[in-house]
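Peer 1: Could you have a look at this structure, given as structure tokens, before my questions?
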Amino acid sequence: MADTAGAVNGNSSKPLTPYHSLFSQLLSWKNPRNSAIAYVSVVATIIAVRYLNLFSWTLSLSWMILATTVAAEVAGKLVLSNGLASQFRPRQYYTLSRDTFERLVSDAHGLINFFLIESQRIIFVENVGVSAAACVVAFISGLLIKVLPYWVLAIVGTSIAFFAPLIYSKNQEFIDEQLKTAADAINAQTAQVRDAAQKQADHLAAVGKQYAGDYTEKVQEILRGHNLAPGAAKKSPEFPSPPTEEPKATEPAVPQEPIHA
């Protein structure tokens, strides 16, 4: 269980499922014969599903077989007093063994896990290039599905999946060189834009700092002028000085008597 968990989490270099190594070998054309057979089989299956009514053929074949066996059985009993179809009846009917069933279930389980793991690796961007390619493919498929039938789009997708790795392996040096050139050009443009943005930000910061200093100086001048304005300072109230000598008592005035002649 630990090895499986490590593989699923991407901590192991071993294939995540047997189908990872299988599809890797088929799509990389390490064995051209097997890859060609797989491609032809997939395309033939798509065309057969499109042009052949397999369900109708299955029903037709079923009633023909049943009609033949029933007629042979009835005719044998009427003529030979012994059915013909029963003569070919096996002594033991065929059954699916437990080992075979478990092997089929294991294969189906591995195939389902393959698609689940790969979809999660693409969604969570384990490989940026693969996720970007999947995004482009999904976008183009959404556009093509409006003008192309499903089976044509399936054949196109299958052809791209099989032949794109083959073309890359045959022209790996040239493709890698072109990709490196494109990456260098993109990095150069990105660096140029980054430098221009940094210079613009520095210029704006310097201008803002200059304006802030000017406004601060003007505010300080206004405050200093307001403090030095005449009459701005409040004068302390003036009170009379207290007397230093004791008050003298005044003599009452004596009224003068009138003089009579």
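By convention here, the chains of the structure tokens are called A, B, ... in the order presented, each chain's residues are numbered starting at 1, and ligands are numbered starting at 1 in the order presented.
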Applying 12 Å and only C-alpha atoms, which residues near region 49-53 of chain A remain after dropping the ones on its own chain fewer than 3 positions away? List them as a CSV table (one decimal) with C-alpha atoms, in the first residue's frame.
Peer 2:
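In the end it all went to out_9.csv:
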chain,number,residue,atom,x,y,z
A,42,VAL,CA,-8.7,2.2,-32.8
A,43,VAL,CA,-9.5,3.9,-36.1
A,44,ALA,CA,-11.2,0.7,-37.4
A,45,THR,CA,-13.3,0.6,-34.2
A,46,ILE,CA,-14.4,4.2,-34.6
A,56,SER,CA,-28.9,-4.4,-34.9
A,57,TRP,CA,-26.5,-7.0,-36.3
A,58,THR,CA,-26.2,-8.6,-32.8
A,59,LEU,CA,-30.0,-8.9,-32.6
A,60,SER,CA,-30.2,-10.3,-36.1
A,149,PRO,CA,-18.8,15.0,-36.5
A,150,TYR,CA,-17.8,13.2,-33.3
A,151,TRP,CA,-16.3,10.2,-35.1
A,152,VAL,CA,-14.1,12.5,-37.3
A,154,ALA,CA,-12.1,11.1,-32.6
A,155,ILE,CA,-10.0,10.0,-35.6
Peer 1: Expressed in Å to a single decimal, how great is the separation between CA of Val74 (chain A) and CA of Ser86 (chain A)?
Peer 2: 10.3 Å
Peer 1: What is the distance between CA of Ser28 (chain A) and CA of Phe162 (chain A), in Å to one decimal?
Peer 2: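 That distance, rounded to one decimal, is 7.8 Å.
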Peer 1: Write out as a list in words each polymer residue whose atoms come within 12 Å of Phe163 (chain A), counting only C-alpha atoms; drop sequence neighbours fewer than 4 positions from it.
Peer 2: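 Near Phe163 (chain A), the qualifying residues are Leu26, Leu27, Ser28, Trp29, Pro32, Ser35, Ala36, Tyr39, Ile155, Val156, Gly157, Thr158, Ser159, Ile167, Tyr168, Ser169 and Lys170 of chain A.
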Peer 1: When you draw a straight line from CA of Ile37 (chain A) to CA of Ala161 (chain A), how long is it in Å?
Peer 2: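 Between these atoms lies a distance of 14.4 Å.
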Peer 1: If you run DSSP on the backbone, which residues of region 76-149 of chain A are alpha helix (DSSP H), as a ChimeraX atom specification?
Peer 2: /A:76-79,98-123,128-144
